[in-house]
$ cat data31.txt   # compact mmCIF, C-alpha atoms
# COMPACT_ATOMS: atom_id res chain seq x y z
CA ASP A 1 64.79 -118.47 -6.77
CA ILE A 2 65.12 -114.76 -7.31
CA GLY A 3 65.47 -114.38 -11.05
CA THR A 4 64.38 -116.82 -13.72
CA HIS A 5 65.44 -118.56 -16.93
CA GLY A 6 68.93 -119.52 -15.88
CA THR A 7 71.12 -121.04 -13.21
CA THR A 8 74.40 -119.97 -11.73
CA ASP A 9 76.30 -122.37 -14.01
CA PHE A 10 74.77 -122.38 -17.45
CA LEU A 11 72.39 -120.80 -19.85
CA ASP A 12 69.18 -122.79 -19.40
CA LEU A 13 67.43 -122.77 -22.77
CA GLU A 14 65.44 -125.98 -22.43
CA GLY A 15 61.71 -125.54 -22.96
CA ARG A 16 61.96 -121.83 -23.79
CA GLN A 17 60.15 -120.16 -26.65
CA PRO A 18 62.34 -119.38 -29.71
CA GLU A 19 62.05 -115.65 -29.08
CA THR A 20 63.12 -116.08 -25.46
CA ILE A 21 66.09 -118.23 -26.47
CA ALA A 22 67.16 -115.66 -29.07
CA VAL A 23 67.03 -112.79 -26.57
CA MET A 24 68.90 -114.79 -23.91
CA GLN A 25 71.66 -115.74 -26.33
CA TRP A 26 71.89 -112.22 -27.72
CA SER A 27 72.11 -110.74 -24.22
CA ALA A 28 74.81 -113.22 -23.21
CA GLN A 29 76.88 -112.65 -26.34
CA SER A 30 76.41 -108.86 -26.48
CA PRO A 31 76.67 -107.65 -22.89
CA SER A 32 75.52 -104.21 -21.81
CA SER A 33 76.36 -102.11 -18.76
CA LEU A 34 72.98 -100.39 -18.57
CA SER A 35 69.67 -100.89 -20.33
CA ALA A 36 65.98 -100.11 -19.96
CA SER A 37 62.77 -101.78 -20.99
CA PHE A 38 59.87 -99.50 -21.96
CA HIS A 39 56.27 -100.39 -21.15
CA SER A 40 53.02 -98.53 -20.69
CA GLY A 41 50.04 -98.86 -18.39
CA ALA A 42 51.60 -97.10 -15.39
CA PHE A 43 53.73 -94.04 -14.70
CA LEU A 44 56.99 -94.91 -12.92
CA VAL A 45 60.42 -96.49 -13.19
CA CYS A 46 60.97 -99.78 -11.36
CA TYR A 47 64.09 -101.78 -10.62
CA PRO A 48 65.14 -105.33 -9.51
CA PHE A 49 64.40 -107.58 -7.95
CA GLY A 50 60.95 -108.19 -9.39
CA ASN A 51 60.22 -111.37 -7.48
CA ASN A 52 61.16 -113.22 -4.31
CA PRO A 53 60.90 -116.75 -2.91
CA GLN A 54 57.66 -115.87 -1.10
CA GLN A 55 56.10 -114.40 -4.26
CA GLN A 56 54.88 -111.49 -2.15
CA ASP A 57 54.51 -107.86 -3.12
CA ILE A 58 57.29 -106.65 -0.84
CA ASN A 59 60.47 -104.65 -1.30
CA THR A 60 63.11 -107.10 -2.55
CA PRO A 61 66.36 -105.17 -2.95
CA THR A 62 69.52 -106.26 -4.71
CA LEU A 63 73.02 -105.62 -3.39
CA ASP A 64 73.05 -102.70 -5.86
CA ASP A 65 69.85 -101.21 -4.44
CA THR A 66 71.37 -97.76 -3.84
CA LEU A 67 72.75 -97.71 -7.37
CA PHE A 68 69.43 -98.82 -8.87
CA ARG A 69 67.60 -96.12 -6.92
CA HIS A 70 70.10 -93.56 -8.22
CA LEU A 71 69.66 -94.68 -11.83
CA THR A 72 65.87 -94.74 -11.71
CA SER A 73 65.77 -91.38 -9.94
CA THR A 74 68.00 -89.99 -12.69
CA TYR A 75 65.37 -90.98 -15.22
CA ALA A 76 62.36 -89.81 -13.19
CA THR A 77 63.80 -86.42 -12.26
CA HIS A 78 64.76 -85.61 -15.86
CA HIS A 79 61.29 -86.54 -17.07
CA THR A 80 59.02 -83.52 -17.33
CA THR A 81 56.56 -84.73 -14.66
CA MET A 82 57.32 -88.29 -13.49
CA SER A 83 59.11 -87.49 -10.21
CA THR A 84 56.19 -85.37 -9.02
CA GLY A 85 53.27 -86.75 -11.03
CA SER A 86 53.57 -90.45 -10.24
CA VAL A 87 51.58 -91.98 -7.40
CA TYR A 88 54.87 -93.49 -6.20
CA SER A 89 57.35 -91.39 -4.25
CA GLY A 90 59.81 -89.77 -6.62
CA GLY A 91 58.36 -91.78 -9.51
CA ILE A 92 60.34 -94.93 -8.64
CA ILE A 93 59.65 -98.23 -6.87
CA ASN A 94 61.16 -101.66 -6.38
CA SER A 95 59.58 -103.99 -8.93
CA ALA A 96 58.53 -106.69 -6.45
CA GLN A 97 57.14 -104.07 -4.10
CA TRP A 98 54.98 -102.84 -6.96
CA TYR A 99 53.93 -106.39 -7.79
CA ALA A 100 55.93 -109.63 -7.83
CA VAL A 101 56.20 -111.45 -11.14
CA ASP A 102 58.36 -114.22 -12.61
CA GLY A 103 60.43 -113.86 -15.75
CA GLU A 104 61.38 -110.19 -15.81
CA MET A 105 64.32 -109.55 -18.09
CA ALA A 106 65.76 -107.02 -15.65
CA ASP A 107 66.04 -109.71 -12.97
CA TRP A 108 67.66 -112.20 -15.33
CA ASN A 109 70.11 -109.66 -16.74
CA TYR A 110 71.23 -108.62 -13.27
CA ARG A 111 71.47 -112.01 -11.65
CA TYR A 112 73.08 -113.97 -14.45
CA LEU A 113 74.90 -111.41 -16.58
CA GLY A 114 75.74 -108.75 -14.02
CA ALA A 115 73.98 -106.18 -16.22
CA LEU A 116 71.86 -103.33 -14.85
CA GLU A 117 68.37 -102.94 -16.32
CA THR A 118 65.30 -101.05 -15.21
CA THR A 119 61.73 -100.84 -16.49
CA VAL A 120 60.19 -97.53 -17.53
CA GLU A 121 56.39 -97.31 -17.51
CA LEU A 122 55.67 -94.39 -19.84
CA SER A 123 52.01 -93.64 -19.29
CA ASN A 124 48.96 -94.69 -17.33
CA VAL A 125 47.34 -95.27 -20.73
CA LYS A 126 48.04 -98.90 -21.61
CA THR A 127 47.93 -98.43 -25.38
CA PRO A 128 48.45 -94.74 -26.19
CA ASP A 129 47.07 -93.50 -29.49
CA ALA A 130 49.67 -92.63 -32.11
CA VAL A 131 48.76 -88.96 -31.79
CA LEU A 132 50.19 -89.02 -28.26
CA LEU A 133 53.63 -90.28 -29.32
CA PRO A 134 55.22 -86.85 -29.99
CA GLY A 135 54.21 -85.74 -26.51
CA LEU A 136 55.65 -88.91 -24.98
CA TRP A 137 58.91 -88.22 -26.77
CA ASP A 138 59.01 -84.66 -25.50
CA ASP A 139 58.34 -85.85 -21.94
CA ASN A 140 60.94 -88.63 -22.01
CA SER A 141 63.74 -87.56 -24.35
CA GLU A 142 65.82 -85.69 -21.75
CA ALA A 143 65.26 -88.52 -19.25
CA MET A 144 66.49 -91.07 -21.79
CA LEU A 145 69.63 -89.07 -22.54
CA SER A 146 70.41 -88.49 -18.86
CA TYR A 147 69.88 -92.17 -18.12
CA ALA A 148 72.25 -93.15 -20.93
CA GLU A 149 74.84 -90.66 -19.69
CA ALA A 150 74.75 -92.35 -16.27
CA ALA A 151 76.36 -95.40 -17.87
CA ARG A 152 79.64 -93.48 -18.13
CA ALA A 153 80.24 -93.64 -14.39
CA GLY A 154 82.16 -96.48 -12.78
CA VAL A 155 85.19 -98.41 -13.92
CA GLY A 156 86.17 -100.07 -17.17
CA GLY A 157 89.05 -101.14 -19.34
CA VAL A 158 90.53 -104.12 -21.16
CA ILE A 159 91.66 -107.40 -19.59
CA THR A 160 94.47 -109.27 -21.35
CA ASP A 161 96.81 -112.24 -20.97
CA ALA A 162 100.07 -111.00 -19.42
CA SER A 163 102.10 -113.38 -21.59
CA THR A 164 100.49 -112.93 -25.00
CA GLY A 165 98.51 -109.70 -24.76
CA SER A 166 95.42 -111.53 -26.01
CA PRO A 167 92.04 -110.34 -24.68
CA LEU A 168 90.51 -112.42 -21.92
CA TRP A 169 87.06 -113.36 -20.75
CA ALA A 170 87.11 -112.62 -17.01
CA GLN A 171 84.85 -112.09 -14.06
CA VAL A 172 85.02 -108.69 -12.34
CA THR A 173 83.58 -108.48 -8.83
CA PRO A 174 83.49 -105.28 -6.73
CA SER A 175 84.04 -105.61 -2.99
CA GLY A 176 80.81 -105.95 -1.04
CA LEU A 177 78.81 -106.65 -4.21
CA ASN A 178 78.81 -110.36 -4.94
CA VAL A 179 77.32 -109.78 -8.39
CA PRO A 180 80.11 -109.96 -10.96
CA THR A 181 80.18 -108.45 -14.38
CA TYR A 182 82.19 -109.96 -17.23
CA SER A 183 84.63 -108.85 -19.86
CA HIS A 184 83.85 -109.54 -23.50
CA ALA A 185 85.43 -112.78 -24.68
CA THR A 186 86.65 -111.41 -28.01
CA GLY A 187 87.74 -107.92 -26.95
CA GLY A 188 88.50 -108.28 -23.25
CA ASP A 189 86.67 -105.03 -22.52
CA TYR A 190 84.56 -104.62 -19.40
CA HIS A 191 82.61 -101.87 -17.65
CA ARG A 192 80.94 -101.81 -14.26
CA ILE A 193 78.78 -98.87 -13.20
CA LEU A 194 79.55 -97.93 -9.60
CA LEU A 195 78.55 -95.11 -7.29
CA PRO A 196 81.30 -92.74 -6.09
CA GLY A 197 83.54 -94.37 -3.52
CA THR A 198 86.59 -96.58 -3.11
CA TYR A 199 86.39 -100.24 -4.05
CA ALA A 200 88.50 -103.36 -4.26
CA LEU A 201 87.95 -105.19 -7.55
CA GLU A 202 88.63 -108.90 -7.99
CA PHE A 203 89.52 -110.13 -11.49
CA ALA A 204 89.29 -113.88 -12.13
CA SER A 205 89.56 -116.04 -15.23
CA PRO A 206 89.95 -119.83 -15.58
CA GLY A 207 93.62 -120.80 -15.83
CA TYR A 208 94.92 -117.48 -14.47
CA TRP A 209 95.93 -116.18 -11.08
CA THR A 210 93.12 -114.17 -9.54
CA ARG A 211 94.11 -110.56 -9.04
CA THR A 212 92.65 -107.94 -6.70
CA GLU A 213 93.05 -104.23 -7.29
CA ALA A 214 92.51 -102.32 -4.05
CA ASP A 215 91.66 -98.63 -3.60
CA VAL A 216 89.97 -98.10 -6.96
CA THR A 217 88.41 -94.66 -6.53
CA ILE A 218 85.25 -93.77 -8.44
CA ILE A 219 84.36 -90.11 -8.94
CA ALA A 220 80.80 -89.06 -9.81
CA ALA A 221 79.98 -89.02 -13.54
CA LEU A 222 83.56 -89.96 -14.48
CA ALA A 223 84.69 -93.35 -15.72
CA GLN A 224 87.83 -94.72 -14.10
CA ARG A 225 90.03 -96.49 -16.67
CA LEU A 226 91.64 -99.67 -15.36
CA ASP A 227 93.32 -101.98 -17.87
CA LEU A 228 94.54 -105.20 -16.37
CA GLN A 229 96.76 -108.15 -17.25
CA LEU A 230 96.23 -111.58 -15.70
CA THR A 231 99.12 -113.99 -15.33
CA PRO A 232 98.68 -117.62 -16.43
CA ALA A 233 98.62 -119.80 -13.32
CA SER A 234 101.21 -122.48 -12.59
CA HIS A 235 98.28 -124.74 -11.94
CA THR A 236 94.88 -124.99 -13.54
CA VAL A 237 91.66 -126.36 -12.14
CA THR A 238 89.67 -129.20 -13.66
CA ARG A 239 86.05 -128.19 -13.94
CA SER A 240 83.40 -127.38 -16.51
CA ILE A 241 82.92 -123.67 -17.08
CA HIS A 242 79.91 -122.34 -18.94
CA ARG A 243 80.42 -118.75 -19.95
CA PHE A 244 77.56 -116.34 -20.34
CA TYR A 245 79.08 -113.79 -22.66
CA GLU A 246 80.00 -116.23 -25.38
CA VAL A 247 78.42 -119.50 -24.50
CA PRO A 248 80.65 -122.29 -25.84
CA ALA A 249 79.25 -125.27 -27.67
CA ASP A 250 81.02 -127.55 -25.19
CA PRO A 251 82.22 -127.04 -21.62
CA VAL A 252 85.70 -125.60 -21.25
CA VAL A 253 87.73 -128.27 -19.45
CA VAL A 254 91.23 -127.67 -18.13
CA THR A 255 93.41 -130.00 -16.09
CA LEU A 256 94.89 -129.68 -12.64
CA SER A 257 98.60 -130.24 -12.05
CA LEU A 258 100.35 -129.85 -8.70
CA GLN A 259 104.08 -129.55 -8.07
CA ILE A 260 104.82 -131.66 -4.99
CA ASP A 261 108.09 -131.99 -3.11
CA GLU A 262 108.87 -135.72 -3.26
CA GLY A 263 110.72 -135.47 0.07
CA THR A 264 107.67 -134.24 1.95
CA ARG A 265 104.76 -135.69 0.05
CA PRO A 266 101.39 -134.78 1.58
CA SER A 267 99.00 -137.49 2.72
CA GLY A 268 96.26 -135.86 0.69
CA VAL A 269 95.16 -132.77 -1.18
CA ILE A 270 91.94 -130.86 -0.54
CA LEU A 271 90.60 -128.67 -3.33
CA SER A 272 87.80 -126.21 -2.78
CA GLU A 273 86.12 -123.53 -4.82
CA SER A 274 84.06 -120.70 -3.44

$ encode --input "data31.txt" --output "structure tokens"
Amino acid sequence: DIGTHGTTDFLDLEGRQPETIAVMQWSAQSPSSLSASFHSGAFLVCYPFGNNPQQQDINTPTLDDTLFRHLTSTYATHHTTMSTGSVYSGGIINSAQWYAVDGEMADWNYRYLGALETTVELSNVKTPDAVLLPGLWDDNSEAMLSYAEAARAGVGGVITDASTGSPLWAQVTPSGLNVPTYSHATGGDYHRILLPGTYALEFASPGYWTRTEADVTIIAALAQRLDLQLTPASHTVTRSIHRFYEVPADPVVVTLSLQIDEGTRPSGVILSES
């Protein structure tokens, strides 16, 4: 699989180290739109995916490859020398193309939480002496600020129950990008970084009618506000749902009820879920 330490249905904590479990739970319960991990030992910014089924050092892009390249280039070009001083073009590279490795947090965050994370390699010196730290700050401070400012772009708002006004946990999926992000279970707030363009956004939550908002226009460096209400469905689907953002102690189980015309009763009912 591309990505590690999880599955598409639940938070897989079995056999993990305590520190790994703590970080996974913290990430799931405190979602972020954009983050970065800082290392040293090279001079570049790399982005998911960091591995592939073949475990080969080849370019392994995500569906958000253009966005990841934009974000990493934002960092590299605002660094004092990275975009021109790195051995890699523009100071950026796909993580798996650099070298494939299992267990990168950036991969896991993207695949299972819909969160965007990159890895910044600060220096070719693996363990810089403390005397070099002020210089590293001077070289990277503007890049860090510009990178953080890039998180403002895209779309965000609050998702609520149309009947009660209560905040909802929901899945938000942009058209053409089958990697959803999620609203916060306690506040209903969500944010998805997107490049300029026009998108259709699908909003889905268990027990509610799925809603699609078409023609959502994103303008560069500006966040589009889109608050949304979801209507409780006249039917609900029986299934176990394991949330990432606030992982419940037990599966959330809801029941299915169908209103059927007794005069024209069907011979059967087929239920499917994509």

$ residues_around --input "data31.txt" --residues "A:Asn178" --least-positions-apart "4" --cutoff "12 Å" --atoms "all atoms listed in the file" --output "PyMOL selection string"
chain A and resi 62-64+110-112+114+171-174+200-202+274

$ atom_distance --input "data31.txt" --atom1 "atom CA of A:Thr72" --atom2 "atom CA of A:Pro31"
20.2 Å

$ atom_distance --input "data31.txt" --atom1 "atom CA of A:Glu213" --atom2 "atom CA of A:Gly165"
19.1 Å

$ closest_residue --input "data31.txt" --among "A:Gly103, A:Pro232, A:Gly90, A:Gly157" --to "A:Phe49" --atoms "only C-alpha atoms"
A:Gly103

$ atom_distance --input "data31.txt" --atom1 "atom CA of A:Pro61" --atom2 "atom CA of A:Ser175"
17.7 Å

$ residues_around --input "data31.txt" --residues "A:Tyr47" --least-positions-apart "5" --cutoff "6 Å" --atoms "only C-alpha atoms" --output "number ranges by chain"
A: 94-95, 118

$ closest_residue --input "data31.txt" --among "A:Asn59, A:Thr186, A:Thr119, A:Thr160" --to "A:Ser30" --atoms "only C-alpha atoms"
A:Thr186

$ closest_residue --input "data31.txt" --among "A:His78, A:Val158, A:Tyr208, A:Trp137" --to "A:Gly187" --atoms "only C-alpha atoms"
A:Val158

$ decode --input "data31.txt" --residues "stretch 40-189 of chain A" --atoms "C-alpha atoms" --output "mmCIF file, in the first residue's frame"
data_model
loop_
_atom_site.group_PDB
_atom_site.id
_atom_site.type_symbol
_atom_site.label_atom_id
_atom_site.label_comp_id
_atom_site.auth_asym_id
_atom_site.auth_seq_id
_atom_site.Cartn_x
_atom_site.Cartn_y
_atom_site.Cartn_z
ATOM 1 C CA SER A 40 18.522 17.783 8.407
ATOM 2 C CA GLY A 41 21.078 15.887 6.373
ATOM 3 C CA ALA A 42 20.007 17.210 2.963
ATOM 4 C CA PHE A 43 18.961 20.513 1.412
ATOM 5 C CA LEU A 44 15.494 20.343 -0.172
ATOM 6 C CA VAL A 45 11.759 20.124 0.409
ATOM 7 C CA CYS A 46 10.039 16.853 -0.482
ATOM 8 C CA TYR A 47 6.395 15.887 -0.751
ATOM 9 C CA PRO A 48 4.174 12.738 -0.898
ATOM 10 C CA PHE A 49 4.031 10.038 -1.781
ATOM 11 C CA GLY A 50 7.171 8.711 -0.125
ATOM 12 C CA ASN A 51 6.694 5.090 -1.081
ATOM 13 C CA ASN A 52 5.001 2.893 -3.670
ATOM 14 C CA PRO A 53 3.992 -0.751 -4.058
ATOM 15 C CA GLN A 54 7.226 -1.516 -5.938
ATOM 16 C CA GLN A 55 9.377 0.123 -3.243
ATOM 17 C CA GLN A 56 11.353 1.791 -6.024
ATOM 18 C CA ASP A 57 12.957 5.213 -6.053
ATOM 19 C CA ILE A 58 10.597 6.640 -8.658
ATOM 20 C CA ASN A 59 8.285 9.632 -8.852
ATOM 21 C CA THR A 60 5.071 8.626 -7.061
ATOM 22 C CA PRO A 61 2.668 11.559 -7.298
ATOM 23 C CA THR A 62 -0.563 12.092 -5.402
ATOM 24 C CA LEU A 63 -3.733 13.493 -6.951
ATOM 25 C CA ASP A 64 -2.643 16.792 -5.364
ATOM 26 C CA ASP A 65 0.777 16.698 -7.028
ATOM 27 C CA THR A 66 0.446 20.169 -8.584
ATOM 28 C CA LEU A 67 -0.620 21.611 -5.241
ATOM 29 C CA PHE A 68 2.237 19.890 -3.392
ATOM 30 C CA ARG A 69 4.729 21.212 -5.939
ATOM 31 C CA HIS A 70 3.299 24.704 -5.458
ATOM 32 C CA LEU A 71 3.570 24.494 -1.661
ATOM 33 C CA THR A 72 7.110 23.135 -1.649
ATOM 34 C CA SER A 73 8.199 25.686 -4.247
ATOM 35 C CA THR A 74 6.723 28.408 -2.043
ATOM 36 C CA TYR A 75 9.036 27.303 0.736
ATOM 37 C CA ALA A 76 12.127 26.817 -1.440
ATOM 38 C CA THR A 77 11.837 30.126 -3.291
ATOM 39 C CA HIS A 78 11.414 32.122 -0.072
ATOM 40 C CA HIS A 79 14.460 30.441 1.449
ATOM 41 C CA THR A 80 17.606 32.487 0.960
ATOM 42 C CA THR A 81 19.363 29.864 -1.211
ATOM 43 C CA MET A 82 17.397 26.596 -1.408
ATOM 44 C CA SER A 83 15.772 27.050 -4.827
ATOM 45 C CA THR A 84 19.149 27.682 -6.457
ATOM 46 C CA GLY A 85 21.572 25.991 -4.067
ATOM 47 C CA SER A 86 20.019 22.534 -3.845
ATOM 48 C CA VAL A 87 21.216 19.732 -6.103
ATOM 49 C CA TYR A 88 17.543 19.151 -6.950
ATOM 50 C CA SER A 89 15.781 21.367 -9.465
ATOM 51 C CA GLY A 90 14.139 24.277 -7.694
ATOM 52 C CA GLY A 91 15.021 22.732 -4.335
ATOM 53 C CA ILE A 92 12.063 20.320 -4.389
ATOM 54 C CA ILE A 93 11.522 16.635 -5.180
ATOM 55 C CA ASN A 94 8.931 13.902 -4.778
ATOM 56 C CA SER A 95 9.810 11.938 -1.646
ATOM 57 C CA ALA A 96 9.760 8.492 -3.279
ATOM 58 C CA GLN A 97 11.791 9.782 -6.209
ATOM 59 C CA TRP A 98 14.401 10.922 -3.711
ATOM 60 C CA TYR A 99 14.275 7.582 -1.929
ATOM 61 C CA ALA A 100 11.331 5.324 -1.083
ATOM 62 C CA VAL A 101 10.677 4.638 2.585
ATOM 63 C CA ASP A 102 7.821 3.231 4.675
ATOM 64 C CA GLY A 103 6.186 5.077 7.542
ATOM 65 C CA GLU A 104 6.505 8.732 6.580
ATOM 66 C CA MET A 105 4.083 10.891 8.517
ATOM 67 C CA ALA A 106 3.408 13.031 5.446
ATOM 68 C CA ASP A 107 2.091 9.979 3.583
ATOM 69 C CA TRP A 108 -0.101 8.889 6.468
ATOM 70 C CA ASN A 109 -1.488 12.371 7.069
ATOM 71 C CA TYR A 110 -2.420 12.779 3.419
ATOM 72 C CA ARG A 111 -3.860 9.360 2.762
ATOM 73 C CA TYR A 112 -5.852 8.858 5.934
ATOM 74 C CA LEU A 113 -6.588 12.349 7.236
ATOM 75 C CA GLY A 114 -6.661 14.363 4.030
ATOM 76 C CA ALA A 115 -4.026 16.676 5.515
ATOM 77 C CA LEU A 116 -1.172 18.189 3.499
ATOM 78 C CA GLU A 117 2.334 17.762 4.916
ATOM 79 C CA THR A 118 5.783 18.154 3.434
ATOM 80 C CA THR A 119 9.295 17.499 4.718
ATOM 81 C CA VAL A 120 11.903 20.253 4.878
ATOM 82 C CA GLU A 121 15.554 19.178 4.916
ATOM 83 C CA LEU A 122 17.334 22.188 6.399
ATOM 84 C CA SER A 123 21.000 21.499 5.780
ATOM 85 C CA ASN A 124 23.406 19.018 4.263
ATOM 86 C CA VAL A 125 24.953 18.850 7.742
ATOM 87 C CA LYS A 126 23.147 16.023 9.546
ATOM 88 C CA THR A 127 23.642 17.408 13.053
ATOM 89 C CA PRO A 128 24.418 21.127 12.823
ATOM 90 C CA ASP A 129 26.330 22.661 15.711
ATOM 91 C CA ALA A 130 24.333 25.007 17.925
ATOM 92 C CA VAL A 131 26.383 27.944 16.658
ATOM 93 C CA LEU A 132 24.793 27.439 13.227
ATOM 94 C CA LEU A 133 21.204 27.723 14.485
ATOM 95 C CA PRO A 134 20.880 31.534 14.160
ATOM 96 C CA GLY A 135 21.980 31.285 10.539
ATOM 97 C CA LEU A 136 19.479 28.494 9.876
ATOM 98 C CA TRP A 137 16.742 30.678 11.311
ATOM 99 C CA ASP A 138 17.749 33.596 9.129
ATOM 100 C CA ASP A 139 17.767 31.364 6.049
ATOM 101 C CA ASN A 140 14.401 29.732 6.785
ATOM 102 C CA SER A 141 12.262 32.257 8.658
ATOM 103 C CA GLU A 142 10.756 33.953 5.588
ATOM 104 C CA ALA A 143 10.197 30.552 3.958
ATOM 105 C CA MET A 144 8.361 29.319 7.053
ATOM 106 C CA LEU A 145 6.110 32.374 7.140
ATOM 107 C CA SER A 146 5.337 32.188 3.418
ATOM 108 C CA TYR A 147 4.577 28.493 3.710
ATOM 109 C CA ALA A 148 2.195 29.132 6.611
ATOM 110 C CA GLU A 149 0.493 31.929 4.667
ATOM 111 C CA ALA A 150 -0.184 29.470 1.827
ATOM 112 C CA ALA A 151 -2.610 27.668 4.142
ATOM 113 C CA ARG A 152 -5.049 30.568 3.777
ATOM 114 C CA ALA A 153 -5.902 29.643 0.196
ATOM 115 C CA GLY A 154 -8.740 27.289 -0.647
ATOM 116 C CA VAL A 155 -12.167 26.852 0.873
ATOM 117 C CA GLY A 156 -13.431 26.529 4.425
ATOM 118 C CA GLY A 157 -16.365 27.098 6.706
ATOM 119 C CA VAL A 158 -18.630 25.374 9.216
ATOM 120 C CA ILE A 159 -20.868 22.367 8.553
ATOM 121 C CA THR A 160 -24.022 22.069 10.662
ATOM 122 C CA ASP A 161 -27.228 20.067 11.019
ATOM 123 C CA ALA A 162 -29.991 21.873 9.095
ATOM 124 C CA SER A 163 -32.551 20.964 11.766
ATOM 125 C CA THR A 164 -30.673 21.730 14.971
ATOM 126 C CA GLY A 165 -27.761 23.933 13.938
ATOM 127 C CA SER A 166 -25.374 21.570 15.724
ATOM 128 C CA PRO A 167 -21.887 21.168 14.233
ATOM 129 C CA LEU A 168 -21.292 18.051 12.177
ATOM 130 C CA TRP A 169 -18.425 15.737 11.407
ATOM 131 C CA ALA A 170 -18.467 15.443 7.611
ATOM 132 C CA GLN A 171 -16.340 14.393 4.687
ATOM 133 C CA VAL A 172 -15.496 17.071 2.117
ATOM 134 C CA THR A 173 -14.285 15.856 -1.272
ATOM 135 C CA PRO A 174 -13.273 18.178 -4.155
ATOM 136 C CA SER A 175 -14.129 17.078 -7.677
ATOM 137 C CA GLY A 176 -11.322 15.175 -9.363
ATOM 138 C CA LEU A 177 -9.473 14.710 -6.065
ATOM 139 C CA ASN A 178 -10.644 11.541 -4.364
ATOM 140 C CA VAL A 179 -8.844 12.472 -1.160
ATOM 141 C CA PRO A 180 -11.368 13.916 1.281
ATOM 142 C CA THR A 181 -10.725 16.216 4.168
ATOM 143 C CA TYR A 182 -12.938 16.265 7.258
ATOM 144 C CA SER A 183 -14.714 18.775 9.416
ATOM 145 C CA HIS A 184 -13.970 18.849 13.128
ATOM 146 C CA ALA A 185 -16.457 16.753 15.080
ATOM 147 C CA THR A 186 -16.945 19.276 17.881
ATOM 148 C CA GLY A 187 -16.890 22.516 15.894
ATOM 149 C CA GLY A 188 -17.959 21.476 12.412
ATOM 150 C CA ASP A 189 -15.204 23.614 10.886
#
